[in-house]
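The next block holds one structure in the form of structure tokens; read it before the comments.
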Amino acid sequence: MRAYERLLRYVKYHTTSSETSGSHPSSPKEFDLARALVEELHSLGLADARVDEKCYVYASLPATAGYENAPSLGLIAHMDTSPDASGENVRPILHEHYDGGEIRLGGVTISPEMFPHLPALAGRTLITADGSTLLGADDKAGVSEIMTALERVITEKIPHGRLAVAFTPDEEIGEGADFFDVAAFGADFAYTVDGGAEGSLEYENFNAASAKFEITGRSVHPGSAKGIMVNAALVACEINGMLPSADIPAMTEGYEGFFHMTGIGGEVERAEVSYIVRDHDANVFDSRLRTLRHIEKALNEKYGAGTVKLTIREQYRNMKEKIEPCMHLIENAIAAAKAVGAEPTVEPIRGGTDGARLSYMGLPCPNLGTGGYAFHGPMEHITVEGMDTEVEILLRLIACYANDRG
């Protein structure tokens with residue numbers, strides 16, 4: 001079975017994670033895909049495949065005889081889809097012999113003006129949703145490619161060291177590594193398959209935190225409010241005005257960080273404003289957090305103690321520090337991409353993956369592409385051929401580490 005055929009099946013599972021449920025997994029529907037994957041892994045011969053109570057799928061394929069001393073290589077992808085757009089009732093569409101131009105999907109148009117890479121995909125089979133949902137290639141494409149590579153290894157009897165496989169829940173809400181059992185996984189190092197264009201490789205990511213200001217105002221009759229009223233909604237606006245106006249996602253790129261307002265609301269008596277904070281540079285990231293704490297202090301001094309309460313939750317750190325001692329992971333991935341005719345690109349992630357946190361948990365874990373584009377919305381797309389290329393890259397890496405037998 002080819003990887004895209006698996007993707008067409010997997011995207012039918014509604015696995016949108018929830019930022020507000022507080023449960024683990026964040027949505028019980030994630031178990032539906034997890035259990036289906038365990039059954040499929042069993043059918044491929046991975047007898048130890050299982051899903052735990054937190055919805056983590058683990059499996060391993062013992063080394064080929066004579067390859068027991070090769071490193072244990074881990075392959076990881078996530079099952080959930082982003083809460084930024086609907087992941088329910090996904091209807092994938094195959095656009096065969098795509099001409100590289102516009103595709104209209106209901107009220108959504110995917111165009112080369114918005115996505116300059118599209119003409120380079122001409123002649124391929126493009127996969128989209130129908131315009132009413134995201135597709136779910138992030139990261140069901142990664143799951144599909146790992147499953148397909150495993151099947152190829154088994155059916156084609158490709159020699160290999162021990163392979164460890166994991167599929168995680170809740171990566172999209174920053175919790176994909178929260179309950180990951182690194183020791184039981186048993187890999188020496190791993191790759192997440194959760195990136196963009198085929199051949200792409202990422203081992204630098206944002207340092208990341210969430211921040212929430214809770215504002216308690218003081219409401220009195222507006223006719224006699226002078227010197228007494230504290231309008232919480234206006235204080236929320238004041239907080240945003242104290243941040244650098246150009247440090248937002250729409251005005252930054254590459255290594256540039258930002259404050260991203262994710263929500264604001266309230267009334268005179270009570271208001272909230274929430275952000276995510278990102279920067280590749282650890283020192284600049286820490287400076288951004290100090291700026292937020294200074295705002296809290298300054299406004300409490302201005303309006304009275306307890307007016308503003310700031311809660312910061314660090315989410316993940318830049319994995320570069322943990323990958324640099326293991327640069328063979330990068331060098332081998334570049335070589336694998338070149339070997340299958342892909343153009344290897346190494347770029348910083350303007351986001352994060354499970355691999356960022358796993359690298360700090362003792363499992364060095366850079367990120368490979370899936371062949372997909374425009375994640376988290378109804379313009380998401382991927383090609384059949386790009387997915388095939390990623391499977392070939394995985395097979396090259398499996399062979400590479402199988403031949404490293406000490």
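In the structure tokens, chains take letters A, B, ... by order of appearance, with residues numbered from 1 within each chain and ligands from 1 in the order shown.
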
Next on the checklist: If we count only C-alpha atoms and set the cut-off at 9 Å, which residues sit around Thr307 (chain A), ignoring sequence neighbours fewer than 6 positions away in its own chain? Please answer as a ChimeraX atom specification.
Outcome noted: /A:214-218,230,232,296,299-300

Next on the checklist: So that I can check the surroundings of region 384-390 of chain A, please list as a ChimeraX atom specification every protein, DNA and RNA residue that reaches within 9 Å of it, counting only C-alpha atoms and ignoring chain neighbours fewer than 6 positions away.
Outcome noted: /A:2-5,94,124-127,141-142,144-145,193,197-199,337,340-342,368-372

Next on the checklist: Can you pull out every residue from region 125-168 of chain A that DSSP, working from the backbone, puts in alpha helix (DSSP H), and format the result as a PyMOL selection string?
Outcome noted: chain A and resi 137-155

Please, could you write that set of residues out with N, CA and C atoms as a PDB file, in the first residue's frame?
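Generated output (part_39.pdb):
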```pdb
ATOM      1  N   ALA A 137      -3.061  16.355   6.812  1.00  0.00           N
ATOM      2  CA  ALA A 137      -1.725  15.846   6.477  1.00  0.00           C
ATOM      3  C   ALA A 137      -0.742  16.150   7.598  1.00  0.00           C
ATOM      4  N   ASP A 138      -1.019  17.166   8.371  1.00  0.00           N
ATOM      5  CA  ASP A 138      -0.271  17.477   9.596  1.00  0.00           C
ATOM      6  C   ASP A 138      -1.028  16.843  10.764  1.00  0.00           C
ATOM      7  N   ASP A 139      -0.667  15.656  11.206  1.00  0.00           N
ATOM      8  CA  ASP A 139       0.511  14.942  10.762  1.00  0.00           C
ATOM      9  C   ASP A 139       0.160  13.510  10.348  1.00  0.00           C
ATOM     10  N   LYS A 140      -1.043  13.332   9.798  1.00  0.00           N
ATOM     11  CA  LYS A 140      -1.400  11.984   9.366  1.00  0.00           C
ATOM     12  C   LYS A 140      -0.597  11.546   8.153  1.00  0.00           C
ATOM     13  N   ALA A 141      -0.002  12.524   7.441  1.00  0.00           N
ATOM     14  CA  ALA A 141       0.948  12.156   6.397  1.00  0.00           C
ATOM     15  C   ALA A 141       2.183  11.510   7.004  1.00  0.00           C
ATOM     16  N   GLY A 142       2.680  12.073   8.109  1.00  0.00           N
ATOM     17  CA  GLY A 142       3.831  11.466   8.780  1.00  0.00           C
ATOM     18  C   GLY A 142       3.519  10.075   9.279  1.00  0.00           C
ATOM     19  N   VAL A 143       2.347   9.897   9.867  1.00  0.00           N
ATOM     20  CA  VAL A 143       1.929   8.561  10.320  1.00  0.00           C
ATOM     21  C   VAL A 143       1.895   7.610   9.129  1.00  0.00           C
ATOM     22  N   SER A 144       1.311   8.060   8.013  1.00  0.00           N
ATOM     23  CA  SER A 144       1.178   7.216   6.818  1.00  0.00           C
ATOM     24  C   SER A 144       2.530   6.804   6.265  1.00  0.00           C
ATOM     25  N   GLU A 145       3.462   7.748   6.249  1.00  0.00           N
ATOM     26  CA  GLU A 145       4.781   7.463   5.684  1.00  0.00           C
ATOM     27  C   GLU A 145       5.562   6.496   6.561  1.00  0.00           C
ATOM     28  N   ILE A 146       5.456   6.634   7.866  1.00  0.00           N
ATOM     29  CA  ILE A 146       6.129   5.697   8.763  1.00  0.00           C
ATOM     30  C   ILE A 146       5.535   4.296   8.608  1.00  0.00           C
ATOM     31  N   MET A 147       4.206   4.201   8.578  1.00  0.00           N
ATOM     32  CA  MET A 147       3.561   2.895   8.428  1.00  0.00           C
ATOM     33  C   MET A 147       3.946   2.240   7.106  1.00  0.00           C
ATOM     34  N   THR A 148       4.016   3.040   6.058  1.00  0.00           N
ATOM     35  CA  THR A 148       4.365   2.499   4.745  1.00  0.00           C
ATOM     36  C   THR A 148       5.819   2.050   4.706  1.00  0.00           C
ATOM     37  N   ALA A 149       6.699   2.825   5.321  1.00  0.00           N
ATOM     38  CA  ALA A 149       8.108   2.414   5.389  1.00  0.00           C
ATOM     39  C   ALA A 149       8.251   1.109   6.165  1.00  0.00           C
ATOM     40  N   LEU A 150       7.534   0.979   7.276  1.00  0.00           N
ATOM     41  CA  LEU A 150       7.570  -0.271   8.042  1.00  0.00           C
ATOM     42  C   LEU A 150       7.119  -1.452   7.185  1.00  0.00           C
ATOM     43  N   GLU A 151       6.006  -1.259   6.472  1.00  0.00           N
ATOM     44  CA  GLU A 151       5.507  -2.337   5.620  1.00  0.00           C
ATOM     45  C   GLU A 151       6.532  -2.734   4.565  1.00  0.00           C
ATOM     46  N   ARG A 152       7.198  -1.737   3.974  1.00  0.00           N
ATOM     47  CA  ARG A 152       8.217  -2.027   2.969  1.00  0.00           C
ATOM     48  C   ARG A 152       9.385  -2.793   3.575  1.00  0.00           C
ATOM     49  N   VAL A 153       9.829  -2.378   4.747  1.00  0.00           N
ATOM     50  CA  VAL A 153      10.935  -3.074   5.413  1.00  0.00           C
ATOM     51  C   VAL A 153      10.590  -4.544   5.629  1.00  0.00           C
ATOM     52  N   ILE A 154       9.370  -4.784   6.060  1.00  0.00           N
ATOM     53  CA  ILE A 154       8.961  -6.152   6.384  1.00  0.00           C
ATOM     54  C   ILE A 154       8.757  -6.986   5.124  1.00  0.00           C
ATOM     55  N   THR A 155       8.001  -6.466   4.166  1.00  0.00           N
ATOM     56  CA  THR A 155       7.658  -7.264   2.985  1.00  0.00           C
ATOM     57  C   THR A 155       8.846  -7.442   2.038  1.00  0.00           C
TER      58      THR A 155
END
```

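Proximity ranking of A:Asp279, A:Glu324, A:Glu113, A:Asp52 relative to Gly254 (chain A) places A:Asp279 first, based on only C-alpha atoms.
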
Checklist entry - How far is it from CA of Ile76 (chain A) to CA of Val165 (chain A), in Å with one decimal? => result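 Atom-to-atom, CA of Ile76 (chain A) to CA of Val165 (chain A), that is 5.9 Å.
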
Would you mind listing what lies within 8 Å of Arg350 (chain A) as a tab-separated table (two decimals) with N, CA and C atoms, in the first residue's frame, with only C-alpha atoms counted and same-chain residues fewer than 5 positions away left out?
```tsv
chain	number	residue	atom	x	y	z
A	205	ASN	N	14.33	25.24	16.43
A	205	ASN	CA	12.94	25.63	16.59
A	205	ASN	C	12.84	26.78	17.59
A	206	PHE	N	11.68	27.36	17.66
A	206	PHE	CA	11.45	28.41	18.64
A	206	PHE	C	11.59	27.90	20.07
A	253	GLU	N	9.80	36.83	10.23
A	253	GLU	CA	10.14	35.63	9.45
A	253	GLU	C	11.48	35.10	9.92
A	254	GLY	N	11.84	33.91	9.40
A	254	GLY	CA	13.15	33.33	9.71
A	254	GLY	C	13.36	33.14	11.20
A	255	TYR	N	14.43	33.75	11.70
A	255	TYR	CA	14.79	33.62	13.11
A	255	TYR	C	14.12	34.68	13.99
```

Checklist entry - Closest to Ser210 (chain A) among A:Arg313, A:Lys297, A:His117, A:Arg290, using only C-alpha atoms? => result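 Among the listed residues, A:Arg313 lies closest to Ser210 (chain A).
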
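Nearest to Asn367 (chain A) of all the residues A:Ala402, A:Leu134, A:Val235, A:Ala77 is A:Ala77, based on only C-alpha atoms.
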
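Considering only C-alpha atoms, the residue among A:Ala282, A:Ala183, A:Val90, A:Leu75 positioned nearest to Ala129 (chain A) is A:Val90.
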
Next on the checklist: Using Å and a single decimal, report how far CA of Lys302 (chain A) sits from CA of Leu243 (chain A).
Outcome noted: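 CA of Lys302 (chain A) lies 17.1 Å from CA of Leu243 (chain A).
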
Checklist entry - What is the distance between CA of Gly223 (chain A) and CA of Ala236 (chain A), in Å to one decimal? => result 22.4 Å

Item to check | A:Arg396, A:His160, A:Lys320, A:Lys212 ranked by distance to Cys365 (chain A), top pick (using only C-alpha atoms) | outcome: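 Smallest distance to Cys365 (chain A) is found for A:Lys320.
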
Item to check | Residue neighbourhood Arg357 (chain A), 10 Å, only C-alpha atoms, exclusion window fewer than 5 positions, as a PyMOL selection string | outcome: chain A and resi 174-178+180+315-319+352+362-365
